[in-house]
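structure.cif follows; it contains mmCIF, C-alpha atoms, pLDDT in the B column; chains and numbers go by the auth columns.
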data_entry
#
loop_
_atom_site.group_PDB
_atom_site.id
_atom_site.type_symbol
_atom_site.label_atom_id
_atom_site.label_comp_id
_atom_site.label_asym_id
_atom_site.label_seq_id
_atom_site.Cartn_x
_atom_site.Cartn_y
_atom_site.Cartn_z
_atom_site.B_iso_or_equiv
_atom_site.auth_seq_id
_atom_site.auth_asym_id
ATOM 1 C CA MET A 1 -120.712 -28.799 4.946 57.00 28 A
ATOM 2 C CA SER A 2 -117.199 -28.687 6.293 69.00 29 A
ATOM 3 C CA ARG A 3 -114.714 -29.335 3.498 84.00 30 A
ATOM 4 C CA ILE A 4 -112.353 -31.126 5.861 84.00 31 A
ATOM 5 C CA GLY A 5 -115.005 -32.775 8.030 84.00 32 A
ATOM 6 C CA LYS A 6 -116.805 -34.482 5.161 86.00 33 A
ATOM 7 C CA LEU A 7 -113.671 -36.292 3.937 90.00 34 A
ATOM 8 C CA PRO A 8 -113.377 -39.868 5.220 90.00 35 A
ATOM 9 C CA VAL A 9 -110.292 -40.916 7.175 91.00 36 A
ATOM 10 C CA THR A 10 -108.649 -43.815 5.358 91.00 37 A
ATOM 11 C CA LEU A 11 -107.205 -46.447 7.678 92.00 38 A
ATOM 12 C CA PRO A 12 -103.924 -47.959 6.476 92.00 39 A
ATOM 13 C CA ALA A 13 -103.178 -51.652 6.993 90.00 40 A
ATOM 14 C CA GLY A 14 -102.324 -52.476 10.598 90.00 41 A
ATOM 15 C CA VAL A 15 -104.212 -49.547 12.158 92.00 42 A
ATOM 16 C CA GLN A 16 -107.131 -50.332 14.462 92.00 43 A
ATOM 17 C CA VAL A 17 -109.649 -47.772 15.713 92.00 44 A
ATOM 18 C CA GLN A 18 -112.037 -48.207 18.630 92.00 45 A
ATOM 19 C CA VAL A 19 -114.686 -45.726 19.748 90.00 46 A
ATOM 20 C CA SER A 20 -115.834 -46.299 23.333 89.00 47 A
ATOM 21 C CA GLU A 21 -119.250 -45.446 24.740 87.00 48 A
ATOM 22 C CA ASP A 22 -117.950 -42.273 26.429 87.00 49 A
ATOM 23 C CA ASN A 23 -116.639 -41.028 23.028 88.00 50 A
ATOM 24 C CA VAL A 24 -112.959 -41.783 23.501 93.00 51 A
ATOM 25 C CA VAL A 25 -111.294 -42.654 20.195 93.00 52 A
ATOM 26 C CA THR A 26 -108.353 -45.079 20.540 94.00 53 A
ATOM 27 C CA VAL A 27 -106.043 -45.569 17.568 94.00 54 A
ATOM 28 C CA LYS A 28 -103.491 -48.419 17.636 94.00 55 A
ATOM 29 C CA GLY A 29 -100.769 -48.931 15.069 93.00 56 A
ATOM 30 C CA LYS A 30 -97.282 -50.326 14.616 94.00 57 A
ATOM 31 C CA LEU A 31 -95.670 -47.278 16.295 94.00 58 A
ATOM 32 C CA GLY A 32 -97.939 -46.995 19.329 93.00 59 A
ATOM 33 C CA GLU A 33 -101.343 -46.018 20.654 94.00 60 A
ATOM 34 C CA LEU A 34 -103.089 -42.637 20.940 95.00 61 A
ATOM 35 C CA ARG A 35 -106.356 -41.565 22.591 95.00 62 A
ATOM 36 C CA GLN A 36 -108.588 -38.550 22.009 94.00 63 A
ATOM 37 C CA THR A 37 -111.836 -37.571 23.713 94.00 64 A
ATOM 38 C CA VAL A 38 -114.450 -36.458 21.178 92.00 65 A
ATOM 39 C CA ASP A 39 -117.450 -34.220 21.833 91.00 66 A
ATOM 40 C CA PRO A 40 -120.575 -36.382 22.411 91.00 67 A
ATOM 41 C CA ALA A 41 -122.483 -34.577 19.637 90.00 68 A
ATOM 42 C CA ILE A 42 -119.998 -35.677 16.956 91.00 69 A
ATOM 43 C CA GLU A 43 -120.665 -39.166 15.591 91.00 70 A
ATOM 44 C CA ILE A 44 -117.909 -41.460 14.357 91.00 71 A
ATOM 45 C CA SER A 45 -118.703 -44.531 12.280 90.00 72 A
ATOM 46 C CA GLN A 46 -116.438 -47.095 10.646 89.00 73 A
ATOM 47 C CA GLU A 47 -117.233 -48.439 7.172 88.00 74 A
ATOM 48 C CA ASP A 48 -115.013 -50.737 5.063 87.00 75 A
ATOM 49 C CA GLY A 49 -111.621 -49.394 6.166 86.00 76 A
ATOM 50 C CA LYS A 50 -112.694 -45.756 6.512 92.00 77 A
ATOM 51 C CA LEU A 51 -113.794 -43.578 9.410 90.00 78 A
ATOM 52 C CA ILE A 52 -116.617 -41.146 8.797 91.00 79 A
ATOM 53 C CA VAL A 53 -117.075 -38.176 11.109 91.00 80 A
ATOM 54 C CA SER A 54 -120.542 -36.582 11.040 91.00 81 A
ATOM 55 C CA ARG A 55 -122.405 -33.861 12.912 90.00 82 A
ATOM 56 C CA PRO A 56 -126.059 -33.837 13.960 90.00 83 A
ATOM 57 C CA THR A 57 -127.005 -30.258 12.938 90.00 84 A
ATOM 58 C CA ASP A 58 -125.650 -27.204 11.155 89.00 85 A
ATOM 59 C CA GLU A 59 -125.326 -25.138 14.336 90.00 86 A
ATOM 60 C CA LYS A 60 -122.155 -23.075 14.583 90.00 87 A
ATOM 61 C CA GLU A 61 -120.755 -25.168 17.454 89.00 88 A
ATOM 62 C CA HIS A 62 -121.286 -28.460 15.613 90.00 89 A
ATOM 63 C CA ARG A 63 -119.814 -27.087 12.371 88.00 90 A
ATOM 64 C CA SER A 64 -116.673 -25.877 14.158 88.00 91 A
ATOM 65 C CA LYS A 65 -116.068 -29.204 15.896 91.00 92 A
ATOM 66 C CA HIS A 66 -116.780 -31.329 12.815 91.00 93 A
ATOM 67 C CA GLY A 67 -113.577 -30.456 10.944 90.00 94 A
ATOM 68 C CA LEU A 68 -111.547 -30.215 14.154 92.00 95 A
ATOM 69 C CA TYR A 69 -112.184 -33.777 15.320 93.00 96 A
ATOM 70 C CA ARG A 70 -111.768 -35.192 11.809 93.00 97 A
ATOM 71 C CA ALA A 71 -108.338 -33.502 11.576 94.00 98 A
ATOM 72 C CA LEU A 72 -107.328 -34.730 15.054 95.00 99 A
ATOM 73 C CA ILE A 73 -108.303 -38.307 14.177 95.00 100 A
ATOM 74 C CA GLN A 74 -106.427 -38.078 10.853 94.00 101 A
ATOM 75 C CA ASN A 75 -103.313 -36.856 12.723 95.00 102 A
ATOM 76 C CA MET A 76 -103.607 -39.779 15.142 95.00 103 A
ATOM 77 C CA VAL A 77 -103.905 -42.313 12.299 95.00 104 A
ATOM 78 C CA THR A 78 -100.898 -40.824 10.481 94.00 105 A
ATOM 79 C CA GLY A 79 -98.912 -40.696 13.727 95.00 106 A
ATOM 80 C CA VAL A 80 -99.349 -44.357 14.675 95.00 107 A
ATOM 81 C CA SER A 81 -98.701 -45.578 11.121 94.00 108 A
ATOM 82 C CA GLU A 82 -95.868 -43.292 9.898 94.00 109 A
ATOM 83 C CA GLY A 83 -94.914 -40.947 12.749 94.00 110 A
ATOM 84 C CA TYR A 84 -93.910 -37.293 12.598 96.00 111 A
ATOM 85 C CA THR A 85 -90.486 -35.657 12.366 97.00 112 A
ATOM 86 C CA GLN A 86 -89.440 -32.087 13.116 96.00 113 A
ATOM 87 C CA VAL A 87 -85.909 -30.813 12.430 96.00 114 A
ATOM 88 C CA LEU A 88 -84.493 -27.735 14.170 95.00 115 A
ATOM 89 C CA GLU A 89 -81.366 -25.992 12.899 94.00 116 A
ATOM 90 C CA MET A 90 -79.050 -23.974 15.161 94.00 117 A
ATOM 91 C CA VAL A 91 -77.502 -21.017 13.324 92.00 118 A
ATOM 92 C CA GLY A 92 -74.751 -19.126 15.121 90.00 119 A
ATOM 93 C CA VAL A 93 -71.090 -19.290 16.087 90.00 120 A
ATOM 94 C CA GLY A 94 -70.584 -21.681 19.001 89.00 121 A
ATOM 95 C CA TYR A 95 -74.178 -22.938 19.037 92.00 122 A
ATOM 96 C CA ARG A 96 -74.135 -26.604 20.055 93.00 123 A
ATOM 97 C CA ALA A 97 -76.470 -29.293 21.316 94.00 124 A
ATOM 98 C CA ASN A 98 -75.589 -32.384 23.351 93.00 125 A
ATOM 99 C CA LEU A 99 -77.880 -35.193 24.386 92.00 126 A
ATOM 100 C CA ASP A 100 -77.748 -37.007 27.726 91.00 127 A
ATOM 101 C CA GLY A 101 -80.649 -39.461 27.849 89.00 128 A
ATOM 102 C CA LYS A 102 -83.769 -37.253 27.678 90.00 129 A
ATOM 103 C CA LEU A 103 -81.908 -34.093 28.731 94.00 130 A
ATOM 104 C CA LEU A 104 -80.925 -31.728 25.926 94.00 131 A
ATOM 105 C CA ASP A 105 -77.921 -29.511 26.761 94.00 132 A
ATOM 106 C CA LEU A 106 -77.981 -26.413 24.545 93.00 133 A
ATOM 107 C CA SER A 107 -75.225 -23.837 24.127 93.00 134 A
ATOM 108 C CA LEU A 108 -77.032 -20.851 22.589 92.00 135 A
ATOM 109 C CA GLY A 109 -74.645 -17.945 23.052 90.00 136 A
ATOM 110 C CA PHE A 110 -75.682 -17.189 26.631 91.00 137 A
ATOM 111 C CA SER A 111 -73.211 -17.110 29.520 93.00 138 A
ATOM 112 C CA HIS A 112 -74.722 -20.403 30.702 94.00 139 A
ATOM 113 C CA HIS A 113 -75.947 -23.662 29.199 94.00 140 A
ATOM 114 C CA VAL A 114 -79.678 -24.168 28.708 94.00 141 A
ATOM 115 C CA TYR A 115 -81.007 -27.580 29.767 95.00 142 A
ATOM 116 C CA PHE A 116 -84.256 -28.827 28.273 94.00 143 A
ATOM 117 C CA GLU A 117 -85.893 -32.018 29.520 95.00 144 A
ATOM 118 C CA LEU A 118 -87.773 -33.858 26.781 95.00 145 A
ATOM 119 C CA PRO A 119 -90.993 -35.815 27.351 95.00 146 A
ATOM 120 C CA PRO A 120 -90.605 -39.613 27.219 94.00 147 A
ATOM 121 C CA GLU A 121 -92.836 -39.845 24.107 93.00 148 A
ATOM 122 C CA ILE A 122 -90.329 -37.948 21.954 94.00 149 A
ATOM 123 C CA ASP A 123 -87.224 -39.492 20.384 94.00 150 A
ATOM 124 C CA VAL A 124 -84.382 -37.080 19.721 95.00 151 A
ATOM 125 C CA ALA A 125 -81.126 -37.162 17.778 95.00 152 A
ATOM 126 C CA VAL A 126 -78.465 -34.471 17.525 94.00 153 A
ATOM 127 C CA THR A 127 -76.180 -34.122 14.513 94.00 154 A
ATOM 128 C CA ALA A 128 -73.163 -31.866 14.172 90.00 155 A
ATOM 129 C CA GLU A 129 -71.265 -32.156 10.897 88.00 156 A
ATOM 130 C CA ARG A 130 -68.215 -30.079 10.174 89.00 157 A
ATOM 131 C CA GLY A 131 -69.057 -27.063 8.031 87.00 158 A
ATOM 132 C CA LYS A 132 -72.810 -27.368 8.655 90.00 159 A
ATOM 133 C CA ASN A 133 -75.110 -26.003 11.323 91.00 160 A
ATOM 134 C CA PRO A 134 -75.953 -28.376 14.208 93.00 161 A
ATOM 135 C CA THR A 135 -79.412 -29.925 13.939 95.00 162 A
ATOM 136 C CA ILE A 136 -81.860 -31.401 16.435 95.00 163 A
ATOM 137 C CA ILE A 137 -84.131 -34.127 15.010 96.00 164 A
ATOM 138 C CA LEU A 138 -87.335 -34.755 16.977 96.00 165 A
ATOM 139 C CA LYS A 139 -89.581 -37.763 16.256 96.00 166 A
ATOM 140 C CA ALA A 140 -92.932 -38.688 17.822 96.00 167 A
ATOM 141 C CA ILE A 141 -96.332 -40.171 17.042 95.00 168 A
ATOM 142 C CA ASP A 142 -98.263 -37.291 18.658 95.00 169 A
ATOM 143 C CA LYS A 143 -98.248 -34.313 16.274 95.00 170 A
ATOM 144 C CA GLN A 144 -99.529 -31.872 18.901 95.00 171 A
ATOM 145 C CA LEU A 145 -96.853 -32.740 21.455 96.00 172 A
ATOM 146 C CA LEU A 146 -94.095 -32.717 18.837 96.00 173 A
ATOM 147 C CA GLY A 147 -95.062 -29.257 17.616 95.00 174 A
ATOM 148 C CA GLN A 148 -95.288 -27.924 21.156 96.00 175 A
ATOM 149 C CA VAL A 149 -91.820 -29.226 22.125 96.00 176 A
ATOM 150 C CA ALA A 150 -90.257 -27.944 18.884 96.00 177 A
ATOM 151 C CA ALA A 151 -91.802 -24.500 19.421 96.00 178 A
ATOM 152 C CA LYS A 152 -90.536 -24.431 23.020 96.00 179 A
ATOM 153 C CA ILE A 153 -86.964 -25.291 21.945 95.00 180 A
ATOM 154 C CA ARG A 154 -87.158 -22.627 19.208 95.00 181 A
ATOM 155 C CA SER A 155 -88.394 -20.036 21.721 95.00 182 A
ATOM 156 C CA LEU A 156 -85.209 -20.458 23.784 94.00 183 A
ATOM 157 C CA ARG A 157 -83.350 -18.452 21.096 93.00 184 A
ATOM 158 C CA LYS A 158 -85.596 -17.216 18.271 93.00 185 A
ATOM 159 C CA PRO A 159 -83.926 -16.233 14.989 92.00 186 A
ATOM 160 C CA GLU A 160 -83.058 -12.541 15.100 91.00 187 A
ATOM 161 C CA PRO A 161 -83.602 -10.366 11.998 92.00 188 A
ATOM 162 C CA TYR A 162 -80.138 -8.764 11.644 91.00 189 A
ATOM 163 C CA LYS A 163 -77.723 -11.690 11.384 90.00 190 A
ATOM 164 C CA GLY A 164 -80.239 -14.568 11.378 88.00 191 A
ATOM 165 C CA LYS A 165 -78.730 -16.270 14.422 92.00 192 A
ATOM 166 C CA GLY A 166 -80.903 -18.513 16.552 93.00 193 A
ATOM 167 C CA VAL A 167 -82.818 -21.787 16.530 94.00 194 A
ATOM 168 C CA ARG A 168 -85.086 -22.241 13.515 94.00 195 A
ATOM 169 C CA TYR A 169 -87.027 -24.946 11.751 94.00 196 A
ATOM 170 C CA LEU A 170 -85.165 -26.568 8.868 92.00 197 A
ATOM 171 C CA GLY A 171 -86.022 -24.637 5.728 88.00 198 A
ATOM 172 C CA GLU A 172 -87.467 -21.654 7.617 87.00 199 A
ATOM 173 C CA VAL A 173 -86.668 -18.374 5.881 89.00 200 A
ATOM 174 C CA VAL A 174 -85.719 -15.488 8.164 88.00 201 A
ATOM 175 C CA ARG A 175 -86.263 -12.039 6.627 90.00 202 A
ATOM 176 C CA LYS A 176 -83.234 -9.952 7.390 89.00 203 A
ATOM 177 C CA LYS A 177 -83.253 -6.239 8.147 89.00 204 A
ATOM 178 C CA ALA A 178 -80.628 -3.875 6.759 86.00 205 A
ATOM 179 C CA GLY A 179 -79.428 -2.416 10.060 81.00 206 A
ATOM 180 C CA LYS A 180 -78.095 1.057 10.902 81.00 207 A
ATOM 181 C CA SER A 181 -75.209 1.204 8.429 75.00 208 A
ATOM 182 C CA ALA A 182 -77.499 0.762 5.406 61.00 209 A
ATOM 183 C CA ASP A 183 -79.015 4.225 5.916 60.00 210 A
ATOM 184 C CA LYS A 184 -75.679 6.093 5.723 62.00 211 A
ATOM 185 C CA LYS A 185 -74.080 6.744 2.337 59.00 212 A
#

Structure rendered as structure tokens:
Amino acid sequence: MSRIGKLPVTLPAGVQVQVSEDNVVTVKGKLGELRQTVDPAIEISQEDGKLIVSRPTDEKEHRSKHGLYRALIQNMVTGVSEGYTQVLEMVGVGYRANLDGKLLDLSLGFSHHVYFELPPEIDVAVTAERGKNPTIILKAIDKQLLGQVAAKIRSLRKPEPYKGKGVRYLGEVVRKKAGKSADKK
């Protein structure tokens, strides 16, 4: 039995779940609405405030999808009730971020500015305090989309291993290399 798949998904107050006949799971909450198509073999039942995801057999395909769809549904329930936040930190001299509507203007040490258009589902805030690195705060109800956008912004200037400059997740530890001068003594 899948350790993740067998756990029930607890529905917080104010979250409604509907499973249509063509296996589309719709989750509505105070922050919004999300939909996910589920494999027809996977069964979803609702019992006294909990969702139970079950599989028909122990075939490899059914076992692999059992935990996957339970985790996706759990992420949807958490997203519409609490939401997700991702914070990116910009480390480097002259690294800045400005926000113009849904267009993020990044100064990342290149000879030009990098413009990144954000999807409408993501809320963004930029902070720049004196003496601290600029941060980009991304908020959304869709965990998949939020992670994808954060990874794309990070890939514009990944942290390099010698000085640690670049865009990184808040709290991410970058292992630094010694460089050429460390070898000479």

Exercise. Evaluate the PyMOL selection byres ((chain A and resi 170) around 7) on the structure here and hand back the selected residues as a PyMOL selection string.
Key: chain A and resi 102+106+111+168-169+171-174

Considering only C-alpha atoms, tabulate each residue of range 73-169 of chain A that lies at most 9 Å from range 45-58 of chain A along with its nearest interatomic pair and the corresponding distance in Å to one decimal; arrange the rows by chain and ascending residue number and present them as a Markdown table.
| residue | atom | partner | partner_atom | distance |
| --- | --- | --- | --- | --- |
| A:Ile100 | CA | A:Val52 | CA | 8.0 |
| A:Met103 | CA | A:Val54 | CA | 6.7 |
| A:Val104 | CA | A:Val54 | CA | 6.6 |
| A:Gly106 | CA | A:Leu58 | CA | 7.8 |
| A:Val107 | CA | A:Gly56 | CA | 4.8 |
| A:Ser108 | CA | A:Gly56 | CA | 5.6 |
| A:Glu109 | CA | A:Leu58 | CA | 7.5 |
| A:Gly110 | CA | A:Leu58 | CA | 7.3 |
| A:Ile168 | CA | A:Leu58 | CA | 7.2 |

Exercise. Determine the residue membership of the PyMOL selection byres ((chain A and resi 143-156) around 7) for the file above and supply it as a PyMOL selection string.
Key: chain A and resi 124-126+129-132+141-142+157-167

Quiz prompt | Polymer residues at most 12 Å from Lys190 in chain A, only C-alpha atoms, same-chain spacing of 5 or more positions, as an NGL selection string | solution = :A and (118-120 or 185 or 201-206)

Practice problem: Dig up all the protein and nucleic acid residues within 12 Å of (-113.3, -46.8, 7.2) in the file frame, using all atoms listed in the file, and format them as a PyMOL selection string. | Solution: chain A and resi 34-40+42-45+71-80+101+104

Exercise. Using CA of Lys92 in chain A and CA of Val176 in chain A as the two end points, give the distance in Å to one decimal.
Key: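 It comes out at 25.0 Å.
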
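Between CA of Glu199 in chain A and CA of Asp127 in chain A the separation is 27.1 Å.
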
Quiz item: Of the residues A:Glu116, A:Lys207, A:Leu135, A:Glu70, which is the one nearest to Ala177 in chain A, using only C-alpha atoms?
Solution: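 Under the stated criterion, the closest residue is A:Glu116.
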
Quiz item: To one decimal place, how far is CA of Tyr96 in chain A from CA of Ser81 in chain A in Å?
Solution: 9.8 Å

Practice problem: Could you expand the PyMOL selection byres ((chain A and resi 136) around 7) into the explicit residues it covers here, written as a count of residues only? | Solution: 6

Exercise. Choose the residue, out of A:Leu133, A:Leu99, A:Lys192, A:Gly198, that has the smallest atom-to-atom separation from Ile180 in chain A; count all atoms listed in the file.
Key: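 Using all atoms listed in the file, the shortest distance to Ile180 in chain A belongs to A:Leu133.
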
Kindly list the centre and edge lengths in Å, rounded to one decimal, for the axis-aligned box that covers all listed atoms of range 197-202 of chain A plus 5 Å on each of its six sides, as AutoDock Vina command-line options.
--center_x -86.3 --center_y -19.3 --center_z 7.3 --size_x 12.3 --size_y 24.5 --size_z 13.1
